[in-house]
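A.B. asks: This is the structure I have questions about; it appears just below.
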Amino acid sequence: MLLILLYIFIGIIAIQLFYYLVVFGKFAFAKAQKITPKRIPISVIVCAKNEEENVKKFIPLLAEQNYPDYEIVLIDDASSDDTLEIFEAFERQYPNVKLVKVQNNEAFWGNKKFALTLGIKAASKEYLLFTDADCYPTSKDWILNMSAQFTMHKTIVLGYGAYEKIKGSFLNKIIRFETMLTATQYFSWAKMGKPYMGVGRNLAYKREEFFRVNGFIDHMNVRSGDDDLFINQAAKGSNTTVCYTPDSFTISEPKLTWKDWFRQKRRHVSTAKLYKGFDKFQLGLYYFSQLTFLILAVLLLAIQFQWIIVGGLIVFRYIFAWTTLGYAAGKLKEKDVMYWFPIIEIILIFTQLNVFFTNLVSKPVHWK
């Protein structure tokens with residue numbers, strides 16, 4: 001029986017080796033990305049609901065982009081604070097700002113996808129670049145970098161949406177590590193020709209891709225998923241590329257409490273069950289391999305069965321995992337989180353398990 005457990009342990013490490021070196025290595029060990037400016041017309045789309053403080057700070061940063069031909073489509077999704085009034089002031093201040101006012105609709109109440117659909121239809125440019133109201137670009141060349149990835153065939157661009165660094169906060173390191181790991185996953189699979197998700201904080205696609213799949217109609221009843229469910233449906237290896245130049249990143253304000261972060265994770269995870277079969281399988285297999293590795297490592301060490309072999313396998317696994325994620329973190333400017341990799345990984349494994357069981361018994365809350 002113990003020998004069988006050892007063989008299973010070796011098999012699990014082989015699965016992990018495949019993920020970290022073969023799959024994640026596609027992104028982690030890729031060459032630095034270079035850009036050739038395209039100068040194609042871009043509509044930057046921002047949807048906001050009760051975000052008055054954030055839009056005051058961040059919309060002016062979008063208006064200062066170094067790009068010759070772009071508009072900013074601001075969507076007020078029936079806000080009850082001063083968001084609409086602030087947007088109206090921006091519309092008067094900046095000539096390239098277009099305002100879309102969304103009224104409460106009983107059939108689509110609280111559904112961000114309805115508001116985004118109206119904004120997309122109102123956009124006058126063929127190429128659309130999305131970010132959230134609580135996000136800001138890392139440079140004035142954000143639009144230039146993201147738009148440079150479009151080609152005749154590549155009409156969907158997946159970008160990186162990072163979170164602000166908070167000194168002395170371990171929760172912040174966990175949030176940024178998970179964000180880096182998630183990006184490594186969707187960048188890597190996209191490079192392998194199997195794109196499965198993107199983040200609305202930094203995402204671009206040609207308008208025709210939206211209408212080709214009838215927008216969000218197939219998952220309009222799901223409150224979340226305007227980014228990942230749309231990409232899961234519309235993206236293919238032939239039409240999707242990635243952008244990971246440092247000037248292409250966006251930054252968001254992270255959650256400050258464990259409770260708020262856990263609630264956010266519940267929302268993010270709730271849409272994964274609607275992914276395509278292969279995507280659910282590969283994500284599930286990766287998580288299963290993480291959890292099983294941890295359990296078997298503790299068990300085999302505790303009973304001291306072939307402990308030299310087991311210890312060697314554990315060290316080997318951490319070396320290749322740490323190396324691959326270290327290179328990925330370097331590309332995404334998140335190197336500092338890797339010092340805590342083993343501890344954060346364990347926390348995330350059990351947090352994911354907690355999220356799964358919590359979502360089974362109650363539904364997460366979505367758009368404000």
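Just so we're on the same page: first chain in the structure tokens is A, next is B, and so on; residues restart at 1 for each chain, and ligands are numbered from 1 in the order they show up.
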Determine, counting only C-alpha atoms, which protein, DNA and RNA residues have an atom within 9 Å of an atom of region 116-118 of chain A; residues of the same chain fewer than 2 positions away are not included. Present the result as a ChimeraX atom specification.

C.D. replies: /A:45-47,75,77,100-102,112-114,120-123,215-216,226

A.B. asks: Take the residues from that selection and write them out as a compact mmCIF listing (two decimals), in the first residue's frame, keeping all heavy atoms.

C.D. replies:
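File written: result_14.txt
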```txt
# COMPACT_ATOMS: atom_id res chain seq x y z
N ILE A 45 -13.12 51.48 -23.09
CA ILE A 45 -14.45 51.36 -22.47
C ILE A 45 -14.32 51.11 -20.98
O ILE A 45 -13.64 50.18 -20.54
CB ILE A 45 -15.26 50.24 -23.14
CG1 ILE A 45 -15.46 50.58 -24.63
CG2 ILE A 45 -16.60 50.03 -22.45
CD1 ILE A 45 -16.26 49.56 -25.41
N VAL A 46 -14.99 51.96 -20.20
CA VAL A 46 -14.97 51.85 -18.75
C VAL A 46 -16.41 51.87 -18.24
O VAL A 46 -17.16 52.81 -18.51
CB VAL A 46 -14.20 53.02 -18.09
CG1 VAL A 46 -14.16 52.84 -16.58
CG2 VAL A 46 -12.80 53.14 -18.67
N CYS A 47 -16.78 50.83 -17.52
CA CYS A 47 -18.13 50.74 -16.95
C CYS A 47 -18.02 50.96 -15.45
O CYS A 47 -17.20 50.35 -14.77
CB CYS A 47 -18.73 49.37 -17.25
SG CYS A 47 -20.46 49.22 -16.75
N ILE A 75 -19.33 54.50 -19.19
CA ILE A 75 -20.68 53.96 -19.00
C ILE A 75 -21.06 54.10 -17.53
O ILE A 75 -20.42 53.53 -16.65
CB ILE A 75 -20.72 52.46 -19.39
CG1 ILE A 75 -20.10 52.24 -20.77
CG2 ILE A 75 -22.15 51.93 -19.33
CD1 ILE A 75 -19.81 50.77 -21.07
N ASP A 77 -23.60 52.95 -14.98
CA ASP A 77 -24.61 51.90 -14.85
C ASP A 77 -25.56 52.23 -13.69
O ASP A 77 -25.53 51.62 -12.63
CB ASP A 77 -23.92 50.56 -14.62
CG ASP A 77 -24.91 49.39 -14.69
OD1 ASP A 77 -26.07 49.61 -15.10
OD2 ASP A 77 -24.51 48.26 -14.33
N VAL A 100 -22.24 57.18 -21.83
CA VAL A 100 -23.40 56.31 -22.02
C VAL A 100 -24.10 56.20 -20.66
O VAL A 100 -23.51 55.76 -19.68
CB VAL A 100 -22.99 54.91 -22.51
CG1 VAL A 100 -24.21 53.99 -22.60
CG2 VAL A 100 -22.29 55.00 -23.86
N LYS A 101 -25.36 56.62 -20.63
CA LYS A 101 -26.13 56.59 -19.39
C LYS A 101 -27.08 55.39 -19.42
O LYS A 101 -27.91 55.27 -20.32
CB LYS A 101 -26.95 57.87 -19.23
CG LYS A 101 -26.10 59.15 -19.27
CD LYS A 101 -26.99 60.39 -19.23
CE LYS A 101 -26.17 61.66 -19.42
NZ LYS A 101 -27.00 62.88 -19.41
N VAL A 102 -26.93 54.51 -18.45
CA VAL A 102 -27.76 53.31 -18.38
C VAL A 102 -28.79 53.49 -17.28
O VAL A 102 -28.45 53.75 -16.13
CB VAL A 102 -26.90 52.05 -18.10
CG1 VAL A 102 -27.78 50.81 -18.04
CG2 VAL A 102 -25.81 51.90 -19.16
N LYS A 112 -23.93 43.95 -15.20
CA LYS A 112 -22.89 44.73 -15.86
C LYS A 112 -22.85 44.44 -17.36
O LYS A 112 -22.50 45.33 -18.16
CB LYS A 112 -21.54 44.42 -15.22
CG LYS A 112 -20.37 45.23 -15.77
CD LYS A 112 -19.08 44.82 -15.07
CE LYS A 112 -17.89 45.60 -15.60
NZ LYS A 112 -16.62 45.18 -14.97
N LYS A 113 -23.20 43.23 -17.75
CA LYS A 113 -23.13 42.86 -19.17
C LYS A 113 -24.09 43.69 -20.02
O LYS A 113 -23.77 44.03 -21.16
CB LYS A 113 -23.42 41.37 -19.34
CG LYS A 113 -22.36 40.47 -18.72
CD LYS A 113 -22.78 39.02 -18.76
CE LYS A 113 -21.76 38.15 -18.03
NZ LYS A 113 -22.19 36.76 -17.93
N PHE A 114 -25.24 44.01 -19.46
CA PHE A 114 -26.20 44.85 -20.19
C PHE A 114 -25.60 46.23 -20.41
O PHE A 114 -25.66 46.78 -21.52
CB PHE A 114 -27.51 44.94 -19.40
CG PHE A 114 -28.51 45.90 -19.98
CD1 PHE A 114 -29.09 45.65 -21.21
CD2 PHE A 114 -28.87 47.05 -19.29
CE1 PHE A 114 -30.02 46.53 -21.76
CE2 PHE A 114 -29.81 47.94 -19.82
CZ PHE A 114 -30.38 47.68 -21.06
N ILE A 120 -20.53 49.17 -25.80
CA ILE A 120 -19.89 48.63 -27.00
C ILE A 120 -20.62 49.10 -28.26
O ILE A 120 -19.99 49.47 -29.26
CB ILE A 120 -19.84 47.09 -26.93
CG1 ILE A 120 -18.83 46.65 -25.86
CG2 ILE A 120 -19.47 46.48 -28.29
CD1 ILE A 120 -18.89 45.18 -25.52
N LYS A 121 -21.92 49.10 -28.20
CA LYS A 121 -22.71 49.57 -29.35
C LYS A 121 -22.51 51.07 -29.60
O LYS A 121 -22.58 51.54 -30.74
CB LYS A 121 -24.18 49.25 -29.13
CG LYS A 121 -24.51 47.77 -29.22
CD LYS A 121 -25.99 47.51 -29.04
CE LYS A 121 -26.31 46.03 -29.23
NZ LYS A 121 -27.75 45.72 -29.04
N ALA A 122 -22.25 51.81 -28.53
CA ALA A 122 -22.05 53.26 -28.67
C ALA A 122 -20.65 53.62 -29.14
O ALA A 122 -20.42 54.72 -29.64
CB ALA A 122 -22.33 53.95 -27.34
N ALA A 123 -19.69 52.71 -28.98
CA ALA A 123 -18.31 52.99 -29.36
C ALA A 123 -18.21 53.19 -30.87
O ALA A 123 -18.84 52.47 -31.65
CB ALA A 123 -17.40 51.84 -28.93
N GLY A 215 -22.47 38.66 -28.51
CA GLY A 215 -22.17 39.33 -27.25
C GLY A 215 -22.22 38.39 -26.06
O GLY A 215 -21.69 37.28 -26.08
N PHE A 216 -22.93 38.85 -25.03
CA PHE A 216 -23.02 38.08 -23.78
C PHE A 216 -24.30 37.25 -23.70
O PHE A 216 -24.63 36.74 -22.63
CB PHE A 216 -22.98 39.04 -22.58
CG PHE A 216 -21.81 39.98 -22.56
CD1 PHE A 216 -22.01 41.36 -22.51
CD2 PHE A 216 -20.51 39.50 -22.61
CE1 PHE A 216 -20.94 42.23 -22.47
CE2 PHE A 216 -19.42 40.37 -22.58
CZ PHE A 216 -19.64 41.75 -22.51
N ASP A 226 -18.30 38.83 -17.71
CA ASP A 226 -18.22 39.68 -18.89
C ASP A 226 -16.83 39.60 -19.52
O ASP A 226 -16.65 39.95 -20.68
CB ASP A 226 -18.54 41.13 -18.54
CG ASP A 226 -17.64 41.66 -17.42
OD1 ASP A 226 -17.97 41.43 -16.24
OD2 ASP A 226 -16.63 42.29 -17.73
```

A.B. asks: Would you please work out which residue, of A:Thr184, A:Gln149, A:Ser79, A:Ser43, is nearest to Tyr127 (chain A) when using only C-alpha atoms?

C.D. replies: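 Closest to Tyr127 (chain A) of all the choices is A:Ser43.
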
A.B. asks: Tell me which of A:Ile309, A:Ala235, A:Ile217, A:Leu332 sits closest to Gly193 (chain A), counting only C-alpha atoms.

C.D. replies: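 Of A:Ile309, A:Ala235, A:Ile217, A:Leu332, the one nearest Gly193 (chain A), counting only C-alpha atoms, is A:Ala235.
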
A.B. asks: Just want the 7 Å neighbourhood of region 245-262 of chain A, counted on only C-alpha atoms, with same-chain residues fewer than 4 positions away dropped. Output as a VMD selection string.

C.D. replies: chain A and resid 33 134 to 139 141 to 142 145 to 146 159 to 164 201 to 202 266

A.B. asks: Quick check for you: according to DSSP on this backbone, which residues of region 112-268 of chain A are classed as strand (DSSP E)? Reply as a list of chain:residue names.

C.D. replies: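 Of region 112-268 of chain A, the ones in strand (DSSP E) are A:Tyr127, A:Leu128, A:Leu129, A:Phe130, A:Thr131, A:Asp132, A:Cys135, A:Tyr136, A:Pro137, A:Ile156, A:Val157, A:Leu158, A:Gly161, A:Ala162, A:Tyr163, A:Leu203, A:Ala204, A:Tyr205, A:Lys206, A:Thr240, A:Thr241, A:Val242, A:Thr250, A:Ile251, A:Ser252.
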
A.B. asks: Mind dumping the selected residues with N, CA, C and O atoms as a tab-separated table (two decimals), in the first residue's frame?

C.D. replies:
```tsv
chain	number	residue	atom	x	y	z
A	127	TYR	N	-11.81	48.80	-32.75
A	127	TYR	CA	-11.03	48.06	-31.75
A	127	TYR	C	-11.36	48.58	-30.36
A	127	TYR	O	-11.32	49.80	-30.12
A	128	LEU	N	-11.66	47.65	-29.45
A	128	LEU	CA	-12.15	48.01	-28.12
A	128	LEU	C	-11.14	47.58	-27.06
A	128	LEU	O	-10.64	46.45	-27.09
A	129	LEU	N	-10.87	48.46	-26.12
A	129	LEU	CA	-9.93	48.19	-25.02
A	129	LEU	C	-10.66	48.44	-23.71
A	129	LEU	O	-11.18	49.53	-23.48
A	130	PHE	N	-10.69	47.43	-22.85
A	130	PHE	CA	-11.48	47.49	-21.63
A	130	PHE	C	-10.61	47.59	-20.38
A	130	PHE	O	-9.55	46.98	-20.29
A	131	THR	N	-11.10	48.36	-19.42
A	131	THR	CA	-10.53	48.36	-18.09
A	131	THR	C	-11.66	48.68	-17.12
A	131	THR	O	-12.77	49.04	-17.54
A	132	ASP	N	-11.39	48.56	-15.81
A	132	ASP	CA	-12.41	48.81	-14.81
A	132	ASP	C	-12.26	50.19	-14.21
A	132	ASP	O	-11.20	50.83	-14.31
A	135	CYS	N	-9.26	50.93	-11.90
A	135	CYS	CA	-7.96	50.60	-12.47
A	135	CYS	C	-7.31	51.83	-13.10
A	135	CYS	O	-7.99	52.76	-13.52
A	136	TYR	N	-5.99	51.77	-13.19
A	136	TYR	CA	-5.27	52.81	-13.92
A	136	TYR	C	-4.08	52.17	-14.63
A	136	TYR	O	-3.51	51.18	-14.15
A	137	PRO	N	-3.66	52.71	-15.78
A	137	PRO	CA	-2.55	52.13	-16.53
A	137	PRO	C	-1.21	52.48	-15.89
A	137	PRO	O	-1.06	53.51	-15.23
A	156	ILE	N	-8.09	39.38	-30.59
A	156	ILE	CA	-8.32	39.40	-29.15
A	156	ILE	C	-6.96	39.49	-28.46
A	156	ILE	O	-6.06	38.71	-28.79
A	157	VAL	N	-6.82	40.43	-27.55
A	157	VAL	CA	-5.55	40.62	-26.84
A	157	VAL	C	-5.79	40.51	-25.33
A	157	VAL	O	-6.61	41.26	-24.77
A	158	LEU	N	-5.11	39.58	-24.67
A	158	LEU	CA	-5.21	39.39	-23.24
A	158	LEU	C	-4.08	40.15	-22.55
A	158	LEU	O	-2.91	39.94	-22.86
A	161	GLY	N	-3.68	42.54	-15.49
A	161	GLY	CA	-4.22	43.48	-14.53
A	161	GLY	C	-3.64	43.21	-13.15
A	161	GLY	O	-4.06	42.26	-12.48
A	162	ALA	N	-2.68	44.01	-12.74
A	162	ALA	CA	-1.99	43.80	-11.47
A	162	ALA	C	-2.73	44.51	-10.33
A	162	ALA	O	-3.70	45.23	-10.55
A	163	TYR	N	-2.23	44.29	-9.12
A	163	TYR	CA	-2.76	44.99	-7.94
A	163	TYR	C	-1.64	45.79	-7.28
A	163	TYR	O	-0.46	45.41	-7.33
A	203	LEU	N	-8.14	44.13	-21.16
A	203	LEU	CA	-8.59	43.20	-22.21
A	203	LEU	C	-8.97	43.99	-23.45
A	203	LEU	O	-9.56	45.07	-23.34
A	204	ALA	N	-8.63	43.47	-24.62
A	204	ALA	CA	-8.96	44.17	-25.86
A	204	ALA	C	-9.45	43.18	-26.90
A	204	ALA	O	-8.98	42.04	-26.96
A	205	TYR	N	-10.39	43.62	-27.70
A	205	TYR	CA	-10.81	42.81	-28.85
A	205	TYR	C	-11.50	43.68	-29.89
A	205	TYR	O	-11.95	44.80	-29.61
A	206	LYS	N	-11.53	43.14	-31.10
A	206	LYS	CA	-12.18	43.84	-32.20
A	206	LYS	C	-13.69	43.69	-32.04
A	206	LYS	O	-14.19	42.65	-31.62
A	240	THR	N	-6.34	34.84	-30.99
A	240	THR	CA	-5.98	35.39	-29.67
A	240	THR	C	-4.48	35.49	-29.47
A	240	THR	O	-3.74	34.58	-29.83
A	241	THR	N	-4.06	36.58	-28.87
A	241	THR	CA	-2.66	36.77	-28.51
A	241	THR	C	-2.60	37.40	-27.12
A	241	THR	O	-3.63	37.68	-26.51
A	242	VAL	N	-1.38	37.62	-26.63
A	242	VAL	CA	-1.21	38.16	-25.28
A	242	VAL	C	-0.30	39.38	-25.34
A	242	VAL	O	0.48	39.56	-26.28
A	250	THR	N	-2.17	47.23	-16.18
A	250	THR	CA	-3.02	48.13	-15.41
A	250	THR	C	-2.88	47.75	-13.93
A	250	THR	O	-2.49	46.62	-13.61
A	251	ILE	N	-3.20	48.70	-13.07
A	251	ILE	CA	-3.09	48.48	-11.63
A	251	ILE	C	-4.45	48.73	-10.99
A	251	ILE	O	-5.14	49.69	-11.34
A	252	SER	N	-4.83	47.86	-10.06
A	252	SER	CA	-6.08	48.02	-9.31
A	252	SER	C	-5.79	48.12	-7.82
A	252	SER	O	-4.74	47.65	-7.35
```

A.B. asks: What does the structure give for the distance between CA of Lys331 (chain A) and CA of Leu21 (chain A), in Å to one decimal?

C.D. replies: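 Computing the Euclidean distance for CA of Lys331 (chain A) and CA of Leu21 (chain A) yields 16.0 Å.
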
A.B. asks: Need to verify the contact set: Asp228 (chain A), 10 Å, only C-alpha atoms, exclusion of same-chain residues closer than 6 positions in sequence. Can you return it as a ChimeraX atom specification?

C.D. replies: /A:196-200,234-235,268,271-272,274-275

A.B. asks: At most 7 Å is the cut-off: for each residue in region 11-48 of chain A with any atom that close to an atom of region 311-325 of chain A, write down the nearest atom pair and the distance in Å rounded to one decimal, counting only C-alpha atoms, chain first then increasing number, as JSON lines.

C.D. replies:
```
{"residue": "A:Ile13", "atom": "CA", "partner": "A:Arg317", "partner_atom": "CA", "distance": 6.6}
{"residue": "A:Tyr20", "atom": "CA", "partner": "A:Ala321", "partner_atom": "CA", "distance": 5.9}
{"residue": "A:Leu21", "atom": "CA", "partner": "A:Thr324", "partner_atom": "CA", "distance": 6.7}
{"residue": "A:Gly25", "atom": "CA", "partner": "A:Thr324", "partner_atom": "CA", "distance": 6.3}
{"residue": "A:Ala28", "atom": "CA", "partner": "A:Thr324", "partner_atom": "CA", "distance": 6.0}
```

A.B. asks: Keeping only N, CA, C and O atoms, write the selected residues as a compact mmCIF listing (two decimals), in the first residue's frame.

C.D. replies:
```txt
# COMPACT_ATOMS: atom_id res chain seq x y z
N ILE A 13 3.79 14.34 -9.19
CA ILE A 13 4.92 15.24 -9.48
C ILE A 13 5.15 15.33 -10.99
O ILE A 13 5.49 16.39 -11.53
N TYR A 20 4.23 23.03 -14.93
CA TYR A 20 5.18 24.10 -14.68
C TYR A 20 6.20 24.29 -15.80
O TYR A 20 6.51 25.43 -16.17
N LEU A 21 6.71 23.20 -16.35
CA LEU A 21 7.76 23.33 -17.36
C LEU A 21 7.23 23.39 -18.79
O LEU A 21 7.70 24.19 -19.59
N GLY A 25 5.82 27.15 -18.77
CA GLY A 25 7.09 27.53 -19.37
C GLY A 25 6.92 28.29 -20.68
O GLY A 25 7.80 29.06 -21.08
N ALA A 28 6.60 31.70 -19.08
CA ALA A 28 7.69 32.04 -18.16
C ALA A 28 9.03 32.20 -18.86
O ALA A 28 9.80 33.11 -18.53
```

A.B. asks: How close does region 137-236 of chain A get to region 57-71 of chain A? List, as JSON lines, each residue of region 137-236 of chain A within 7 Å, its nearest atom pair and the distance in Å to one decimal, counting only C-alpha atoms.

C.D. replies:
```
{"residue": "A:Lys140", "atom": "CA", "partner": "A:Gln65", "partner_atom": "CA", "distance": 4.5}
{"residue": "A:Asp141", "atom": "CA", "partner": "A:Asn66", "partner_atom": "CA", "distance": 5.6}
{"residue": "A:Ile143", "atom": "CA", "partner": "A:Tyr67", "partner_atom": "CA", "distance": 6.7}
{"residue": "A:Leu144", "atom": "CA", "partner": "A:Tyr67", "partner_atom": "CA", "distance": 6.3}
```

A.B. asks: Write out as a PyMOL selection string all residues of region 3-162 of chain A that DSSP puts in alpha helix (DSSP H) for this structure's backbone.

C.D. replies: chain A and resi 3-17+25-28+52-63+83-93+112-122+142-147

A.B. asks: So that I can see what lies close to Val337 (chain A), please list as a PDB file with N, CA and C atoms, in the first residue's frame the residues with an atom at most 9 Å from it, counting only C-alpha atoms and leaving out residues fewer than 6 positions away in the same chain.

C.D. replies:
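Full text of part34.pdb as output:
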```pdb
ATOM      1  N   LYS A 173       0.440  40.241  -0.460  1.00  0.00           N
ATOM      2  CA  LYS A 173       1.347  39.319  -1.169  1.00  0.00           C
ATOM      3  C   LYS A 173       0.579  38.114  -1.696  1.00  0.00           C
ATOM      4  N   ILE A 174      -0.368  37.616  -0.916  1.00  0.00           N
ATOM      5  CA  ILE A 174      -1.188  36.483  -1.366  1.00  0.00           C
ATOM      6  C   ILE A 174      -2.010  36.872  -2.590  1.00  0.00           C
ATOM      7  N   ARG A 176      -1.460  39.270  -4.765  1.00  0.00           N
ATOM      8  CA  ARG A 176      -0.624  39.508  -5.945  1.00  0.00           C
ATOM      9  C   ARG A 176      -0.014  38.210  -6.479  1.00  0.00           C
ATOM     10  N   PHE A 177       0.314  37.274  -5.582  1.00  0.00           N
ATOM     11  CA  PHE A 177       0.810  35.977  -6.048  1.00  0.00           C
ATOM     12  C   PHE A 177      -0.274  35.256  -6.843  1.00  0.00           C
ATOM     13  N   ALA A 329       7.000  35.636 -12.635  1.00  0.00           N
ATOM     14  CA  ALA A 329       6.846  36.787 -11.739  1.00  0.00           C
ATOM     15  C   ALA A 329       7.753  37.937 -12.160  1.00  0.00           C
ATOM     16  N   ILE A 344       2.457  30.695   0.718  1.00  0.00           N
ATOM     17  CA  ILE A 344       1.295  31.227  -0.010  1.00  0.00           C
ATOM     18  C   ILE A 344       0.588  30.126  -0.783  1.00  0.00           C
TER      19      ILE A 344
END
```

A.B. asks: Just give me the gap between CA of Lys191 (chain A) and CA of Phe29 (chain A) in Å, one decimal is fine.

C.D. replies: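 Separation of CA of Lys191 (chain A) and CA of Phe29 (chain A): 11.7 Å.
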
A.B. asks: Find the residues around Leu294 (chain A) up to 10 Å (only C-alpha atoms counted), leave out those fewer than 6 positions away in its own chain, and share them as a list of chain:residue names.

C.D. replies: A:Phe9, A:Phe288, A:Ile314, A:Glu345, A:Ile346, A:Ile349
